[in-house]
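Student: Have a look at this one.
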Amino acid sequence: MDQPKIERMLRLMKMLTANTRYTVDDIADRLNMSRRTIYRYIDTFREAGFVIKKSGNHIRLDKESPHFKDISQLVHFTEEEAVILKRAIESIDDTNLLKHNLKRKLYSIYDNKILADTIVRGNNAEIVHSLIEAIEQKNQVILHDYRSAHGSAVRSRRVEPFAFTTNYVQVWCFDLESLTCKLFKLSRIGSVEILNTRWDNEAAHDKGFIDVFRMHGTKRHKITLSLGIMARNLLIEEYPLAEEHLSPDNNRWLLQTEVADYAGVARFVVGLLDDIIIVNSPELEQYLAEYVSRIWPQAVGQKE
C-alpha cells in the first residue's frame, strides 16, 4: 500500500474514532476525499475486524471493536510526549533519510485537532463533545453543577469556552460573571448546556500562560536557577518542556525561564536544596522562605 493512501486511511480512522460525530459528507469535506473512497476505506476497516456503527446519518468506528484500545493509545501524544519524541528524532543525523521520513509521516498524521478527541474517556466524553461544538459555533454555554476547587461550592457558571489544555483536562473560558478568562477542570463539570447566544467577548479571550512546571496564570515571573547534574537530570525527566530553557554554565546548568506561580518551582527546589542555587530571583527566595516556614513545623510535629 502506498504511503499517501496509508496517511489518508489514518486520517479517516481518527475522524471515525473522535468524540465528535460526523456524516460521510462531513468527512469527505474535511479530508478532501470522495464519498466512494471513504466507503471503500470503511469496508477495509470492517474486513480488518473493526465494527462500524451508524446513528442516523452519522458514522463511526465502534470503540468496542477489537484492537481499538491499542490503536487509541497510539494515536495521541501529550505536549510533553511530543517534546521527548521530537528530541529523539532530532538526535538522528541530518544525513539519515530515516529522520526526514519520520518527521514527514508524524507531522502529516498528527497535525489534526481531531486526533486529541481520541484520548477522552468516560463521562468527560459527552462534556468534551458539547464544548467542542460550542467552540466551533462560538456559542456561550452553561457549565452546570460546577464543583469549585476552593471550598465545597457547587453552582452553574455561564461562560464562553474557547480552548482546551493538553489532553482535554481543562477548558479555557471567558467567565461572564467575573469578566475574566479562567480554567475549568472538565472532571468538575456536571453537564454542559449549549446556548443560542453567541460570544460577546471574543477579543478578551486569552489562554493565559502555563509554565514549564505546569502552573497557569496571567502573570509571568522571571526566575534563574543554577542546577547541578542531578537536579538538571531530574528536571528534564519530570518537566521535559524545561529543557529548552537550560544552558550549560561551567560544570552546572542555568535554568532561565518564566513561571506563572512560584508554587510549582518551589516544590521542585525544596526537594533538591543541596543541588540548586537561586540566582538573582529575590521574590522566589522570599516565597521559598515562607513556604518552608509553613511546611517545616508540620514535618517536625509529625516526627515528634
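Identifiers in this document derive from the order of the C-alpha cells: chains are assigned A, B, ..., residues are numbered from 1 separately in each chain, and ligands are numbered from 1 in order of occurrence.
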Applying 8 Å and only C-alpha atoms, which residues near segment 179-183 of chain A remain after dropping the ones on its own chain fewer than 5 positions away? List them as an MDAnalysis selection string.
Tutor: chainID A and resid 170:174 204:208
Student: Residues as selected, N, CA and C atoms, written as a short mmCIF file (atom, residue, chain, number, x, y, z; two decimals), in the first residue's frame, can you do that?
Tutor:
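File selection05.cif, as written:
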```cif
data_model
loop_
_atom_site.label_atom_id
_atom_site.label_comp_id
_atom_site.auth_asym_id
_atom_site.auth_seq_id
_atom_site.Cartn_x
_atom_site.Cartn_y
_atom_site.Cartn_z
N GLN A 170 -8.61 20.42 31.03
CA GLN A 170 -9.27 21.67 31.41
C GLN A 170 -9.68 22.44 30.15
N VAL A 171 -10.59 23.37 30.34
CA VAL A 171 -11.03 24.21 29.22
C VAL A 171 -10.89 25.67 29.61
N TRP A 172 -10.34 26.47 28.70
CA TRP A 172 -10.25 27.91 28.90
C TRP A 172 -11.60 28.54 28.55
N CYS A 173 -12.11 29.36 29.46
CA CYS A 173 -13.39 30.02 29.23
C CYS A 173 -13.31 31.48 29.67
N PHE A 174 -14.11 32.32 29.01
CA PHE A 174 -14.32 33.68 29.50
C PHE A 174 -15.52 33.61 30.42
N ALA A 204 -11.49 39.43 24.20
CA ALA A 204 -10.90 39.26 25.53
C ALA A 204 -10.45 37.83 25.80
N HIS A 205 -10.68 36.92 24.87
CA HIS A 205 -10.30 35.52 25.08
C HIS A 205 -8.78 35.40 25.09
N ASP A 206 -8.26 34.91 26.19
CA ASP A 206 -6.80 34.81 26.36
C ASP A 206 -6.51 33.54 27.15
N LYS A 207 -5.73 32.64 26.55
CA LYS A 207 -5.43 31.36 27.19
C LYS A 207 -4.49 31.50 28.38
N GLY A 208 -4.03 32.71 28.63
CA GLY A 208 -3.14 32.87 29.76
C GLY A 208 -1.80 32.21 29.51
#
```
Student: If we count only C-alpha atoms and set the cut-off at 12 Å, which residues sit around Tyr291 of chain A, ignoring sequence neighbours fewer than 6 positions away in its own chain? Please answer as a list in words.
Tutor: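 The residues satisfying every condition are Tyr262, Ala263, Gly264, Val265, Ala266, Arg267, Val269, Val270, Leu284, Glu285, Pro297 and Gln298 of chain A.
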Student: Just N, CA and C atoms for this one: save the residues we selected as a PDB file, in the first residue's frame.
Tutor:
```
ATOM      1  N   TYR A 262       4.834  30.707  41.759  1.00  0.00           N
ATOM      2  CA  TYR A 262       6.041  30.155  42.369  1.00  0.00           C
ATOM      3  C   TYR A 262       5.821  28.768  42.980  1.00  0.00           C
ATOM      4  N   ALA A 263       4.567  28.349  43.134  1.00  0.00           N
ATOM      5  CA  ALA A 263       4.281  27.092  43.821  1.00  0.00           C
ATOM      6  C   ALA A 263       4.933  25.889  43.135  1.00  0.00           C
ATOM      7  N   GLY A 264       4.863  25.830  41.814  1.00  0.00           N
ATOM      8  CA  GLY A 264       5.410  24.691  41.091  1.00  0.00           C
ATOM      9  C   GLY A 264       6.915  24.585  41.216  1.00  0.00           C
ATOM     10  N   VAL A 265       7.624  25.669  40.958  1.00  0.00           N
ATOM     11  CA  VAL A 265       9.081  25.643  41.043  1.00  0.00           C
ATOM     12  C   VAL A 265       9.521  25.460  42.488  1.00  0.00           C
ATOM     13  N   ALA A 266       8.762  25.991  43.460  1.00  0.00           N
ATOM     14  CA  ALA A 266       9.127  25.845  44.872  1.00  0.00           C
ATOM     15  C   ALA A 266       9.123  24.383  45.283  1.00  0.00           C
ATOM     16  N   ARG A 267       8.104  23.643  44.861  1.00  0.00           N
ATOM     17  CA  ARG A 267       8.036  22.213  45.211  1.00  0.00           C
ATOM     18  C   ARG A 267       9.235  21.462  44.639  1.00  0.00           C
ATOM     19  N   VAL A 269      12.286  22.815  43.896  1.00  0.00           N
ATOM     20  CA  VAL A 269      13.518  23.266  44.540  1.00  0.00           C
ATOM     21  C   VAL A 269      13.659  22.672  45.943  1.00  0.00           C
ATOM     22  N   VAL A 270      12.571  22.651  46.706  1.00  0.00           N
ATOM     23  CA  VAL A 270      12.633  22.163  48.085  1.00  0.00           C
ATOM     24  C   VAL A 270      13.143  20.728  48.152  1.00  0.00           C
ATOM     25  N   LEU A 284      11.441  34.782  44.429  1.00  0.00           N
ATOM     26  CA  LEU A 284      11.376  33.334  44.605  1.00  0.00           C
ATOM     27  C   LEU A 284      12.001  32.947  45.946  1.00  0.00           C
ATOM     28  N   GLU A 285      13.118  33.598  46.325  1.00  0.00           N
ATOM     29  CA  GLU A 285      13.754  33.326  47.616  1.00  0.00           C
ATOM     30  C   GLU A 285      12.784  33.609  48.762  1.00  0.00           C
ATOM     31  N   PRO A 297       7.362  23.205  60.187  1.00  0.00           N
ATOM     32  CA  PRO A 297       6.798  22.905  61.503  1.00  0.00           C
ATOM     33  C   PRO A 297       5.886  21.682  61.487  1.00  0.00           C
ATOM     34  N   GLN A 298       5.149  21.497  60.409  1.00  0.00           N
ATOM     35  CA  GLN A 298       4.288  20.326  60.281  1.00  0.00           C
ATOM     36  C   GLN A 298       5.124  19.060  60.235  1.00  0.00           C
TER      37      GLN A 298
END
```
Student: Neighbouring residues of Tyr146 of chain A were defined as those with any atom within 8 Å, considering only C-alpha atoms; residues of the same chain fewer than 6 positions away were excluded. Please report them as a list in words.
Tutor: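 Residues near the query, excluding close chain neighbours: Val154, Arg155, Ser156, Arg157, Arg188, Ile189 and Gly190 of chain A.
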Student: Just asking: which residues within segment 152-278 of chain A are strand (DSSP E) according to DSSP, as number ranges by chain?
Tutor: A: 154-164, 170-175, 180-185, 191-198, 209-210, 216-217, 221-227, 246-249, 252-259, 276-278
Student: Distance atom CA of Arg214 of chain A-atom CA of Gln286 of chain A, one decimal place?
Tutor: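 Pair atom CA of Arg214 of chain A / atom CA of Gln286 of chain A returns 21.1 Å.
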Student: What gap, in Å, lies between atom CA of Asp175 of chain A and atom CA of Val159 of chain A?
Tutor: 4.7 Å
Student: Atom CA of Trp253 of chain A and atom CA of His216 of chain A are how many Å apart?
Tutor: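 Separating atom CA of Trp253 of chain A from atom CA of His216 of chain A is a distance of 24.7 Å.
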Student: Restricting the calculation to only C-alpha atoms, which member of A:Ile127, A:Leu143, A:Ile194, A:Ala153 is positioned closest to Val169 of chain A?
Tutor: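 Ranking A:Ile127, A:Leu143, A:Ile194, A:Ala153 by distance to Val169 of chain A, first place goes to A:Ile127.
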Student: List the neighbours of segment 29-45 of chain A out to 7 Å using only C-alpha atoms; skip same-chain residues closer than 5 positions along the sequence, and give me the result as an MDAnalysis selection string.
Tutor: chainID A and resid 9 24 50
Student: Of the candidates A:Ala203, A:Leu225, A:Ser148, A:Glu133, which one gets nearest to Arg21 of chain A if we count only C-alpha atoms?
Tutor: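 Closest candidate: A:Glu133.
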Student: Have a look at A:Asn250, A:Thr224, A:Ser91, A:Ser55 and name the one nearest to Ile278 of chain A; count only C-alpha atoms.
Tutor: A:Thr224
Student: Which one is closest to Leu12 of chain A: A:Ala125, A:Ala48, A:Ile59, A:Leu288? Count only C-alpha atoms.
Tutor: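 Counting only C-alpha atoms, the residue closest to Leu12 of chain A is A:Ile59.
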Student: Would you list the contacts of Ile210 of chain A as a PyMOL selection string, taking every protein, DNA or RNA residue within 10 Å and counting only C-alpha atoms, but skipping same-chain residues closer than 3 positions in sequence?
Tutor: chain A and resi 165+207+213-220+258-261
